[in-house]
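S.K.: Contents of query.tsv (TSV, N, CA and C atoms) are below:
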chain	number	residue	atom	x	y	z
A	13	ALA	N	15.18	-48.84	71.89
A	13	ALA	CA	14.09	-49.10	72.81
A	13	ALA	C	13.31	-50.30	72.32
A	14	VAL	N	12.80	-51.05	73.28
A	14	VAL	CA	12.00	-52.23	72.97
A	14	VAL	C	10.55	-51.81	72.96
A	15	VAL	N	9.86	-52.20	71.89
A	15	VAL	CA	8.44	-51.87	71.78
A	15	VAL	C	7.65	-53.03	72.37
A	16	SER	N	6.84	-52.71	73.37
A	16	SER	CA	6.02	-53.76	73.98
A	16	SER	C	4.64	-53.74	73.34
A	17	THR	N	3.89	-54.76	73.60
A	17	THR	CA	2.56	-54.84	73.04
A	17	THR	C	1.56	-54.03	73.84
A	18	GLN	N	2.00	-53.50	74.95
A	18	GLN	CA	1.10	-52.68	75.75
A	18	GLN	C	0.90	-51.35	75.03
A	19	SER	N	-0.24	-50.74	75.23
A	19	SER	CA	-0.56	-49.50	74.55
A	19	SER	C	0.41	-48.39	74.93
A	20	THR	N	0.89	-48.38	76.17
A	20	THR	CA	1.86	-47.35	76.55
A	20	THR	C	3.16	-47.55	75.80
A	21	GLY	N	3.55	-48.77	75.57
A	21	GLY	CA	4.76	-49.07	74.81
A	21	GLY	C	4.64	-48.62	73.37
A	22	ILE	N	3.49	-48.83	72.79
A	22	ILE	CA	3.25	-48.40	71.40
A	22	ILE	C	3.28	-46.88	71.32
A	23	THR	N	2.65	-46.24	72.26
A	23	THR	CA	2.63	-44.78	72.29
A	23	THR	C	4.04	-44.23	72.42
A	24	GLU	N	4.83	-44.83	73.30
A	24	GLU	CA	6.22	-44.39	73.47
A	24	GLU	C	7.01	-44.60	72.19
A	25	ALA	N	6.78	-45.72	71.52
A	25	ALA	CA	7.49	-46.01	70.27
A	25	ALA	C	7.14	-44.98	69.21
A	26	ILE	N	5.88	-44.65	69.12
A	26	ILE	CA	5.42	-43.64	68.14
A	26	ILE	C	6.07	-42.30	68.45
A	27	GLU	N	6.12	-41.92	69.72
A	27	GLU	CA	6.75	-40.67	70.11
A	27	GLU	C	8.24	-40.67	69.76
A	28	MET	N	8.90	-41.79	69.96
A	28	MET	CA	10.33	-41.89	69.63
A	28	MET	C	10.55	-41.73	68.12
A	29	VAL	N	9.68	-42.33	67.32
A	29	VAL	CA	9.79	-42.20	65.86
A	29	VAL	C	9.60	-40.75	65.46
A	30	HIS	N	8.62	-40.08	66.04
A	30	HIS	CA	8.38	-38.66	65.74
A	30	HIS	C	9.59	-37.80	66.11
A	31	GLU	N	10.17	-38.07	67.26
A	31	GLU	CA	11.36	-37.33	67.70
A	31	GLU	C	12.53	-37.56	66.74
A	32	ALA	N	12.72	-38.80	66.35
A	32	ALA	CA	13.81	-39.12	65.42
A	32	ALA	C	13.62	-38.41	64.09
A	33	CYS	N	12.40	-38.34	63.62
A	33	CYS	CA	12.11	-37.65	62.35
A	33	CYS	C	12.41	-36.16	62.46
A	34	GLN	N	12.13	-35.58	63.61
A	34	GLN	CA	12.39	-34.16	63.79
A	34	GLN	C	13.88	-33.87	63.92
A	35	LEU	N	14.66	-34.82	64.40
A	35	LEU	CA	16.10	-34.63	64.56
A	35	LEU	C	16.86	-34.79	63.25
A	36	LYS	N	16.24	-35.48	62.29
A	36	LYS	CA	16.89	-35.72	61.01
A	36	LYS	C	17.11	-34.38	60.30
A	37	PRO	N	18.34	-34.10	59.89
A	37	PRO	CA	18.61	-32.82	59.23
A	37	PRO	C	17.88	-32.71	57.90
A	38	LYS	N	17.46	-31.51	57.60
A	38	LYS	CA	16.72	-31.27	56.37
A	38	LYS	C	17.68	-31.22	55.18
A	39	ILE	N	17.41	-32.02	54.18
A	39	ILE	CA	18.23	-32.05	52.97
A	39	ILE	C	17.62	-31.08	51.96
A	40	ILE	N	18.46	-30.19	51.45
A	40	ILE	CA	18.03	-29.22	50.46
A	40	ILE	C	18.96	-29.28	49.26
A	41	THR	N	18.56	-28.64	48.18
A	41	THR	CA	19.41	-28.54	47.00
A	41	THR	C	19.61	-27.06	46.69
A	42	GLU	N	20.85	-26.69	46.50
A	42	GLU	CA	21.18	-25.31	46.13
A	42	GLU	C	21.87	-25.34	44.77
A	43	HIS	N	21.50	-24.39	43.94
A	43	HIS	CA	22.09	-24.29	42.61
A	43	HIS	C	22.98	-23.05	42.55
A	44	ILE	N	24.19	-23.23	42.07
A	44	ILE	CA	25.09	-22.10	41.88
A	44	ILE	C	25.60	-22.13	40.44
A	45	GLU	N	25.92	-20.95	39.94
A	45	GLU	CA	26.46	-20.85	38.59
A	45	GLU	C	27.98	-20.76	38.67
A	46	ILE	N	28.62	-21.53	37.80
A	46	ILE	CA	30.08	-21.57	37.77
A	46	ILE	C	30.54	-21.28	36.36
A	47	ARG	N	31.57	-20.47	36.24
A	47	ARG	CA	32.14	-20.23	34.91
A	47	ARG	C	32.70	-21.53	34.36
A	48	ALA	N	32.36	-21.81	33.12
A	48	ALA	CA	32.74	-23.07	32.48
A	48	ALA	C	34.24	-23.30	32.52
A	49	GLU	N	35.01	-22.23	32.44
A	49	GLU	CA	36.47	-22.37	32.41
A	49	GLU	C	37.03	-22.97	33.70
A	50	TYR	N	36.27	-22.94	34.79
A	50	TYR	CA	36.75	-23.48	36.07
A	50	TYR	C	36.19	-24.87	36.38
A	51	CYS	N	35.27	-25.36	35.57
A	51	CYS	CA	34.66	-26.66	35.84
A	51	CYS	C	35.69	-27.78	35.84
A	52	GLY	N	36.65	-27.72	34.93
A	52	GLY	CA	37.68	-28.74	34.88
A	52	GLY	C	38.48	-28.82	36.17
A	53	LYS	N	38.80	-27.66	36.74
A	53	LYS	CA	39.55	-27.62	38.00
A	53	LYS	C	38.71	-28.18	39.15
A	54	ILE	N	37.43	-27.85	39.16
A	54	ILE	CA	36.55	-28.34	40.22
A	54	ILE	C	36.40	-29.85	40.12
A	55	ILE	N	36.24	-30.36	38.90
A	55	ILE	CA	36.07	-31.80	38.71
A	55	ILE	C	37.39	-32.52	38.95
A	56	GLY	N	38.47	-32.00	38.40
A	56	GLY	CA	39.79	-32.60	38.58
A	56	GLY	C	40.01	-33.79	37.67
A	57	LYS	N	41.24	-34.23	37.62
A	57	LYS	CA	41.62	-35.36	36.77
A	57	LYS	C	40.90	-36.61	37.24
A	58	GLY	N	40.15	-37.21	36.34
A	58	GLY	CA	39.41	-38.42	36.69
A	58	GLY	C	38.33	-38.19	37.73
A	59	GLY	N	37.93	-36.94	37.95
A	59	GLY	CA	36.89	-36.62	38.93
A	59	GLY	C	37.38	-36.59	40.37
A	60	GLU	N	38.70	-36.59	40.56
A	60	GLU	CA	39.26	-36.67	41.92
A	60	GLU	C	38.89	-35.47	42.80
A	61	ASN	N	38.98	-34.26	42.26
A	61	ASN	CA	38.65	-33.08	43.08
A	61	ASN	C	37.19	-33.10	43.50
A	62	LEU	N	36.31	-33.43	42.57
A	62	LEU	CA	34.88	-33.47	42.88
A	62	LEU	C	34.59	-34.56	43.92
A	63	LYS	N	35.25	-35.69	43.79
A	63	LYS	CA	35.10	-36.78	44.76
A	63	LYS	C	35.53	-36.31	46.15
A	64	ASP	N	36.67	-35.60	46.22
A	64	ASP	CA	37.15	-35.08	47.50
A	64	ASP	C	36.16	-34.09	48.11
A	65	ILE	N	35.64	-33.20	47.28
A	65	ILE	CA	34.66	-32.21	47.77
A	65	ILE	C	33.44	-32.93	48.32
A	66	ARG	N	32.96	-33.92	47.59
A	66	ARG	CA	31.78	-34.68	48.05
A	66	ARG	C	32.07	-35.37	49.39
A	67	GLU	N	33.23	-36.01	49.49
A	67	GLU	CA	33.56	-36.75	50.71
A	67	GLU	C	33.76	-35.83	51.91
A	68	HIS	N	34.43	-34.69	51.71
A	68	HIS	CA	34.70	-33.78	52.83
A	68	HIS	C	33.46	-33.01	53.27
A	69	SER	N	32.54	-32.78	52.34
A	69	SER	CA	31.35	-31.99	52.68
A	69	SER	C	30.14	-32.86	53.00
A	70	GLY	N	30.13	-34.09	52.50
A	70	GLY	CA	28.97	-34.95	52.70
A	70	GLY	C	27.83	-34.64	51.75
A	71	THR	N	28.12	-33.91	50.68
A	71	THR	CA	27.09	-33.51	49.74
A	71	THR	C	27.08	-34.39	48.49
A	72	ARG	N	26.04	-34.19	47.73
A	72	ARG	CA	25.93	-34.78	46.40
A	72	ARG	C	26.02	-33.61	45.44
A	73	ILE	N	26.94	-33.67	44.47
A	73	ILE	CA	27.18	-32.54	43.58
A	73	ILE	C	27.10	-32.99	42.13
A	74	LEU	N	26.38	-32.21	41.35
A	74	LEU	CA	26.28	-32.45	39.92
A	74	LEU	C	26.62	-31.15	39.20
A	75	ILE	N	27.48	-31.25	38.19
A	75	ILE	CA	27.80	-30.08	37.36
A	75	ILE	C	27.27	-30.35	35.97
A	76	SER	N	26.40	-29.47	35.52
A	76	SER	CA	25.77	-29.63	34.22
A	76	SER	C	26.79	-29.50	33.09
A	77	LYS	N	26.61	-30.32	32.07
A	77	LYS	CA	27.44	-30.21	30.87
A	77	LYS	C	26.86	-29.17	29.92
A	78	GLU	N	25.60	-28.86	30.14
A	78	GLU	CA	24.90	-27.91	29.27
A	78	GLU	C	25.06	-26.48	29.79
A	79	PRO	N	25.16	-25.52	28.87
A	79	PRO	CA	25.26	-24.12	29.29
A	79	PRO	C	23.96	-23.63	29.91
A	80	VAL	N	24.05	-22.60	30.73
A	80	VAL	CA	22.89	-22.00	31.37
A	80	VAL	C	22.30	-20.96	30.43
A	81	ASN	N	21.04	-21.13	30.09
A	81	ASN	CA	20.32	-20.19	29.21
A	81	ASN	C	21.09	-19.86	27.94
A	82	GLY	N	21.73	-20.86	27.37
A	82	GLY	CA	22.46	-20.67	26.12
A	82	GLY	C	23.80	-19.97	26.27
A	83	ASN	N	24.18	-19.63	27.50
A	83	ASN	CA	25.46	-18.95	27.74
A	83	ASN	C	26.53	-20.02	27.93
A	84	ASN	N	27.38	-20.19	26.91
A	84	ASN	CA	28.40	-21.23	26.94
A	84	ASN	C	29.44	-21.03	28.03
A	85	GLU	N	29.49	-19.87	28.64
A	85	GLU	CA	30.49	-19.58	29.65
A	85	GLU	C	30.06	-19.96	31.06
A	86	ILE	N	28.81	-20.36	31.24
A	86	ILE	CA	28.27	-20.64	32.57
A	86	ILE	C	27.70	-22.06	32.63
A	87	ARG	N	28.00	-22.77	33.74
A	87	ARG	CA	27.44	-24.09	34.00
A	87	ARG	C	26.71	-24.06	35.34
A	88	LEU	N	25.69	-24.87	35.45
A	88	LEU	CA	24.92	-24.95	36.68
A	88	LEU	C	25.47	-26.08	37.54
A	89	CYS	N	25.72	-25.77	38.80
A	89	CYS	CA	26.22	-26.74	39.76
A	89	CYS	C	25.12	-26.93	40.82
A	90	SER	N	24.64	-28.16	40.96
A	90	SER	CA	23.61	-28.47	41.95
A	90	SER	C	24.27	-29.19	43.12
A	91	ILE	N	24.03	-28.66	44.32
A	91	ILE	CA	24.64	-29.23	45.52
A	91	ILE	C	23.51	-29.65	46.46
A	92	GLU	N	23.50	-30.92	46.83
A	92	GLU	CA	22.45	-31.46	47.69
A	92	GLU	C	23.04	-31.90	49.02
A	93	GLY	N	22.42	-31.44	50.10
A	93	GLY	CA	22.87	-31.80	51.44
A	93	GLY	C	22.19	-30.91	52.47
A	94	THR	N	22.70	-30.94	53.69
A	94	THR	CA	22.17	-30.02	54.69
A	94	THR	C	22.75	-28.63	54.40
A	95	LYS	N	22.20	-27.64	55.03
A	95	LYS	CA	22.68	-26.26	54.85
A	95	LYS	C	24.18	-26.17	55.17
A	96	GLU	N	24.58	-26.81	56.25
A	96	GLU	CA	25.98	-26.78	56.68
A	96	GLU	C	26.88	-27.50	55.69
A	97	GLU	N	26.43	-28.65	55.21
A	97	GLU	CA	27.21	-29.42	54.24
A	97	GLU	C	27.40	-28.64	52.94
A	98	ILE	N	26.33	-27.97	52.52
A	98	ILE	CA	26.38	-27.17	51.29
A	98	ILE	C	27.38	-26.03	51.45
A	99	GLU	N	27.40	-25.40	52.61
A	99	GLU	CA	28.35	-24.31	52.84
A	99	GLU	C	29.79	-24.81	52.75
A	100	VAL	N	30.04	-25.99	53.31
A	100	VAL	CA	31.38	-26.57	53.23
A	100	VAL	C	31.74	-26.85	51.77
A	101	ALA	N	30.81	-27.42	51.02
A	101	ALA	CA	31.06	-27.73	49.61
A	101	ALA	C	31.34	-26.45	48.82
A	102	LYS	N	30.58	-25.40	49.08
A	102	LYS	CA	30.80	-24.12	48.37
A	102	LYS	C	32.17	-23.54	48.71
A	103	GLN	N	32.59	-23.66	49.95
A	103	GLN	CA	33.92	-23.18	50.33
A	103	GLN	C	35.01	-23.97	49.62
A	104	LEU	N	34.84	-25.28	49.51
A	104	LEU	CA	35.82	-26.11	48.82
A	104	LEU	C	35.84	-25.81	47.32
A	105	ILE	N	34.67	-25.57	46.74
A	105	ILE	CA	34.59	-25.19	45.32
A	105	ILE	C	35.29	-23.85	45.11
A	106	ASP	N	35.01	-22.89	45.98
A	106	ASP	CA	35.66	-21.57	45.90
A	106	ASP	C	37.18	-21.72	46.01
A	107	SER	N	37.63	-22.58	46.90
A	107	SER	CA	39.06	-22.80	47.08
A	107	SER	C	39.69	-23.34	45.80
A	108	ASN	N	39.01	-24.28	45.15
A	108	ASN	CA	39.51	-24.82	43.88
A	108	ASN	C	39.58	-23.74	42.82
A	109	ILE	N	38.57	-22.90	42.76
A	109	ILE	CA	38.55	-21.82	41.78
A	109	ILE	C	39.67	-20.82	42.06
A	110	MET	N	39.85	-20.45	43.32
A	110	MET	CA	40.90	-19.49	43.68
A	110	MET	C	42.27	-20.06	43.36
A	111	THR	N	42.46	-21.35	43.58
A	111	THR	CA	43.72	-22.00	43.24
A	111	THR	C	43.97	-21.89	41.74
A	112	GLU	N	42.95	-22.16	40.95
A	112	GLU	CA	43.08	-22.08	39.49
A	112	GLU	C	43.38	-20.65	39.04
A	113	ILE	N	42.71	-19.68	39.65
A	113	ILE	CA	42.96	-18.27	39.30
A	113	ILE	C	44.42	-17.91	39.61
A	114	GLU	N	44.91	-18.34	40.76
A	114	GLU	CA	46.30	-18.06	41.15
A	114	GLU	C	47.29	-18.73	40.19
A	115	ILE	N	47.02	-19.97	39.82
A	115	ILE	CA	47.89	-20.67	38.86
A	115	ILE	C	47.93	-19.91	37.54
A	116	ARG	N	46.77	-19.49	37.06
A	116	ARG	CA	46.71	-18.76	35.79
A	116	ARG	C	47.41	-17.41	35.89
A	117	ARG	N	47.23	-16.73	37.04
A	117	ARG	CA	47.88	-15.43	37.23
A	117	ARG	C	49.40	-15.58	37.19
A	118	ARG	N	49.90	-16.60	37.87
A	118	ARG	CA	51.35	-16.83	37.88
A	118	ARG	C	51.86	-17.19	36.49
A	119	ARG	N	51.10	-18.01	35.78
A	119	ARG	CA	51.49	-18.40	34.42
A	119	ARG	C	51.53	-17.17	33.50
A	120	GLU	N	50.51	-16.31	33.61
A	120	GLU	CA	50.47	-15.09	32.79
A	120	GLU	C	51.61	-14.15	33.15
A	121	HIS	N	51.92	-14.03	34.44
A	121	HIS	CA	53.01	-13.17	34.89
A	121	HIS	C	54.34	-13.68	34.34
A	122	LYS	N	54.53	-14.98	34.45
A	122	LYS	CA	55.76	-15.60	33.96
A	122	LYS	C	55.90	-15.35	32.45
A	123	GLN	N	54.81	-15.49	31.71
A	123	GLN	CA	54.84	-15.26	30.27
A	123	GLN	C	55.11	-13.79	29.96
A	124	ALA	N	54.53	-12.88	30.73
A	124	ALA	CA	54.75	-11.45	30.53
A	124	ALA	C	56.22	-11.09	30.76
A	125	VAL	N	56.80	-11.64	31.81
A	125	VAL	CA	58.22	-11.40	32.10
A	125	VAL	C	59.07	-11.94	30.95
A	126	LYS	N	58.74	-13.13	30.50
A	126	LYS	CA	59.49	-13.74	29.40
A	126	LYS	C	59.37	-12.89	28.13
A	127	ASN	N	58.17	-12.41	27.85
A	127	ASN	CA	57.95	-11.55	26.68
A	127	ASN	C	58.72	-10.24	26.81
A	128	PHE	N	58.72	-9.66	28.02
A	128	PHE	CA	59.43	-8.41	28.25
A	128	PHE	C	60.93	-8.61	28.05
A	129	GLN	N	61.44	-9.70	28.63
A	129	GLN	CA	62.87	-9.97	28.50
A	129	GLN	C	63.24	-10.20	27.04
A	130	SER	N	62.39	-10.88	26.34
A	130	SER	CA	62.63	-11.15	24.93
A	130	SER	C	62.62	-9.86	24.13
A	131	SER	N	61.64	-8.99	24.38
A	131	SER	CA	61.56	-7.72	23.65
A	131	SER	C	62.68	-6.78	24.08
A	132	SER	N	63.10	-6.82	25.35
A	132	SER	CA	64.21	-5.99	25.82
A	132	SER	C	65.51	-6.41	25.16
A	133	ASN	N	65.72	-7.69	25.03
A	133	ASN	CA	66.93	-8.19	24.36
A	133	ASN	C	66.94	-7.76	22.90
A	134	ASN	N	65.80	-7.81	22.26
A	134	ASN	CA	65.72	-7.41	20.86
A	134	ASN	C	66.03	-5.93	20.70
A	135	LYS	N	65.50	-5.10	21.60
A	135	LYS	CA	65.75	-3.66	21.53
A	135	LYS	C	67.23	-3.36	21.77
A	136	ALA	N	67.81	-4.04	22.76
A	136	ALA	CA	69.22	-3.81	23.06
A	136	ALA	C	70.08	-4.21	21.88
A	137	THR	N	69.76	-5.29	21.25
A	137	THR	CA	70.52	-5.72	20.08
A	137	THR	C	70.36	-4.71	18.96
A	138	PHE	N	69.17	-4.22	18.78
A	138	PHE	CA	68.90	-3.24	17.73
A	138	PHE	C	69.68	-1.95	17.98
A	139	VAL	N	69.67	-1.47	19.22
A	139	VAL	CA	70.39	-0.25	19.57
A	139	VAL	C	71.88	-0.45	19.39
A	140	LEU	N	72.38	-1.58	19.86
A	140	LEU	CA	73.81	-1.85	19.70
A	140	LEU	C	74.18	-1.93	18.22
A	141	GLY	N	73.29	-2.52	17.45
A	141	GLY	CA	73.54	-2.61	16.01
A	141	GLY	C	73.59	-1.24	15.37
A	142	GLU	N	72.72	-0.33	15.79
A	142	GLU	CA	72.71	1.05	15.26
A	142	GLU	C	74.00	1.76	15.63
A	143	THR	N	74.36	1.61	16.91
A	143	THR	CA	75.57	2.27	17.39
A	143	THR	C	76.78	1.83	16.59
A	144	LYS	N	76.81	0.56	16.30
A	144	LYS	CA	77.93	0.00	15.58
A	144	LYS	C	78.00	0.56	14.16
A	145	THR	N	76.84	0.75	13.55
A	145	THR	CA	76.83	1.17	12.14
A	145	THR	C	77.00	2.69	12.00
A	146	ASP	N	76.79	3.45	13.09
A	146	ASP	CA	76.91	4.92	13.01
A	146	ASP	C	78.36	5.37	13.06
A	147	ASP	N	79.26	4.47	13.36
A	147	ASP	CA	80.67	4.77	13.45
A	147	ASP	C	81.00	5.97	14.35
A	148	TRP	N	80.73	5.84	15.57
A	148	TRP	CA	81.01	6.92	16.54
A	148	TRP	C	82.43	7.08	16.68
Output the file's structure as structure tokens, nothing else.
M.R.:
Amino acid sequence: AVVSTQSTGITEAIEMVHEACQLKPKIITEHIEIRAEYCGKIIGKGGENLKDIREHSGTRILISKEPVNGNNEIRLCSIEGTKEEIEVAKQLIDSNIMTEIEIRRRREHKQAVKNFQSSSNNKATFVLGETKTDDW
């Protein structure tokens, strides 16, 4: 809109500025606690995961390097944006954490199977060895 020097033009301009200010989304900051063991997954190699989360959500995210209240297992994550943007960021963070949990679960399962197979082979060898020495 063009602002004229007439008083009605100034009044209209002031009203337009007030309307624009009211339409601007409210920026807030939300703090969430994250287990330190998952911070690496959220940040990603070279900060790539965190960069993606920021770009997809439109938020500003900071993850503290310091523990929360002396608890080395917890880090504070500050997310700044609109309510909707923060919700998107939290969903993306949760997704990263769930991916990491699944990767760890599969790794542990694979190791458990490997350990079981290893111990089963040892038992079978031991039993066969006994059978051999008992001279049936």
S.K.: To test your reading of the structure, identify every residue in chain A that backbone DSSP assigns to strand (DSSP E or B), and report it as JSON, numbers by chain.
M.R.: {"A": [40, 41, 42, 43, 44, 45, 46, 47, 72, 73, 74, 75, 76, 77, 78, 79, 80, 83, 84, 85, 86, 87, 88, 89, 90, 91, 92, 93]}
S.K.: Padding of 5 Å on every side, edges along x, y and z, all listed atoms of range 29-45 of chain A included: what centre and edge lengths in Å, to one decimal, does that box have, as AutoDock Vina command-line options?
M.R.:
--center_x 18.2 --center_y -31.5 --center_z 53.1 --size_x 29.6 --size_y 31.6 --size_z 39.1
S.K.: For Lys77 in chain A, please output as a list in words all residues within 8 Å (counting only N, CA and C atoms; exclusion window: fewer than 4 positions along the same chain).
M.R.: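 Answer for this query is Ile86, Arg87 and Leu88 of chain A.
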S.K.: Please write the residues from the selection above to a file, keeping N, CA and C atoms, as a PDB file, in the frame of the given file.
M.R.:
ATOM      1  N   ILE A  86      28.810 -20.360  31.240  1.00  0.00           N
ATOM      2  CA  ILE A  86      28.270 -20.640  32.570  1.00  0.00           C
ATOM      3  C   ILE A  86      27.700 -22.060  32.630  1.00  0.00           C
ATOM      4  N   ARG A  87      28.000 -22.770  33.740  1.00  0.00           N
ATOM      5  CA  ARG A  87      27.440 -24.090  34.000  1.00  0.00           C
ATOM      6  C   ARG A  87      26.710 -24.060  35.340  1.00  0.00           C
ATOM      7  N   LEU A  88      25.690 -24.870  35.450  1.00  0.00           N
ATOM      8  CA  LEU A  88      24.920 -24.950  36.680  1.00  0.00           C
ATOM      9  C   LEU A  88      25.470 -26.080  37.540  1.00  0.00           C
TER      10      LEU A  88
END
S.K.: With distances taken over all atoms listed in the file, which of A:Thr71, A:Arg116, A:Cys89, A:Asp106 is nearest to Glu45 in chain A?
M.R.: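 The answer is A:Cys89, which sits nearest to Glu45 in chain A.
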S.K.: Might you pull out every residue within 12 Å of range 60-63 of chain A, with only C-alpha atoms counted and same-chain residues fewer than 5 positions away left off, and present them as a ChimeraX atom specification?
M.R.: /A:51-55,68-75,89,91,101-102,104-105,107-109
S.K.: Calculated over all atoms listed in the file, which of the candidates A:Arg119, A:Ala124, A:Gln103, A:Glu85 has the smallest distance to Ala48 in chain A?
M.R.: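 Checking each of A:Arg119, A:Ala124, A:Gln103, A:Glu85 against Ala48 in chain A, counting all atoms listed in the file, the winner is A:Glu85.
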S.K.: Kindly indicate which residue among A:Ser130, A:Ser90, A:Asn81, A:Thr111 lies nearest to Tyr50 in chain A, using only C-alpha atoms for the distances.
M.R.: A:Thr111
S.K.: Which one of A:Ile40, A:Asp64, A:Glu49, A:Gly58 sits closest to Ile113 in chain A if you count only C-alpha atoms?
M.R.: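 Using only C-alpha atoms, the shortest distance to Ile113 in chain A belongs to A:Glu49.
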S.K.: Please, what distance in Å, to one decimal, runs between CA of Glu42 in chain A and CA of Ser76 in chain A?
M.R.: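 Between CA of Glu42 in chain A and CA of Ser76 in chain A the gap works out to 13.5 Å.
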S.K.: Compare A:Ile22, A:Met28, A:Val80, A:Ile39 by their minimum atom-to-atom distance to Glu92 in chain A, counting all atoms listed in the file, and give me the closest one.
M.R.: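 Selected residue with least distance to Glu92 in chain A: A:Ile39.
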S.K.: Could you give me range 46-57 of chain A completed to N, CA, C and O atoms, formatted as a tab-separated table (two decimals), in the frame of the given file?
M.R.:
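Everything below was put into result31.tsv:
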chain	number	residue	atom	x	y	z
A	46	ILE	N	28.62	-21.53	37.80
A	46	ILE	CA	30.08	-21.57	37.77
A	46	ILE	C	30.54	-21.28	36.36
A	46	ILE	O	29.96	-21.80	35.39
A	47	ARG	N	31.57	-20.47	36.24
A	47	ARG	CA	32.14	-20.23	34.91
A	47	ARG	C	32.70	-21.53	34.36
A	47	ARG	O	33.41	-22.25	35.06
A	48	ALA	N	32.36	-21.81	33.12
A	48	ALA	CA	32.74	-23.07	32.48
A	48	ALA	C	34.24	-23.30	32.52
A	48	ALA	O	34.70	-24.44	32.65
A	49	GLU	N	35.01	-22.23	32.44
A	49	GLU	CA	36.47	-22.37	32.41
A	49	GLU	C	37.03	-22.97	33.70
A	49	GLU	O	38.17	-23.45	33.72
A	50	TYR	N	36.27	-22.94	34.79
A	50	TYR	CA	36.75	-23.48	36.07
A	50	TYR	C	36.19	-24.87	36.38
A	50	TYR	O	36.61	-25.49	37.36
A	51	CYS	N	35.27	-25.36	35.57
A	51	CYS	CA	34.66	-26.66	35.84
A	51	CYS	C	35.69	-27.78	35.84
A	51	CYS	O	35.63	-28.69	36.67
A	52	GLY	N	36.65	-27.72	34.93
A	52	GLY	CA	37.68	-28.74	34.88
A	52	GLY	C	38.48	-28.82	36.17
A	52	GLY	O	38.81	-29.90	36.65
A	53	LYS	N	38.80	-27.66	36.74
A	53	LYS	CA	39.55	-27.62	38.00
A	53	LYS	C	38.71	-28.18	39.15
A	53	LYS	O	39.21	-28.90	40.00
A	54	ILE	N	37.43	-27.85	39.16
A	54	ILE	CA	36.55	-28.34	40.22
A	54	ILE	C	36.40	-29.85	40.12
A	54	ILE	O	36.46	-30.56	41.12
A	55	ILE	N	36.24	-30.36	38.90
A	55	ILE	CA	36.07	-31.80	38.71
A	55	ILE	C	37.39	-32.52	38.95
A	55	ILE	O	37.42	-33.53	39.65
A	56	GLY	N	38.47	-32.00	38.40
A	56	GLY	CA	39.79	-32.60	38.58
A	56	GLY	C	40.01	-33.79	37.67
A	56	GLY	O	39.09	-34.30	37.04
A	57	LYS	N	41.24	-34.23	37.62
A	57	LYS	CA	41.62	-35.36	36.77
A	57	LYS	C	40.90	-36.61	37.24
A	57	LYS	O	41.01	-37.00	38.41
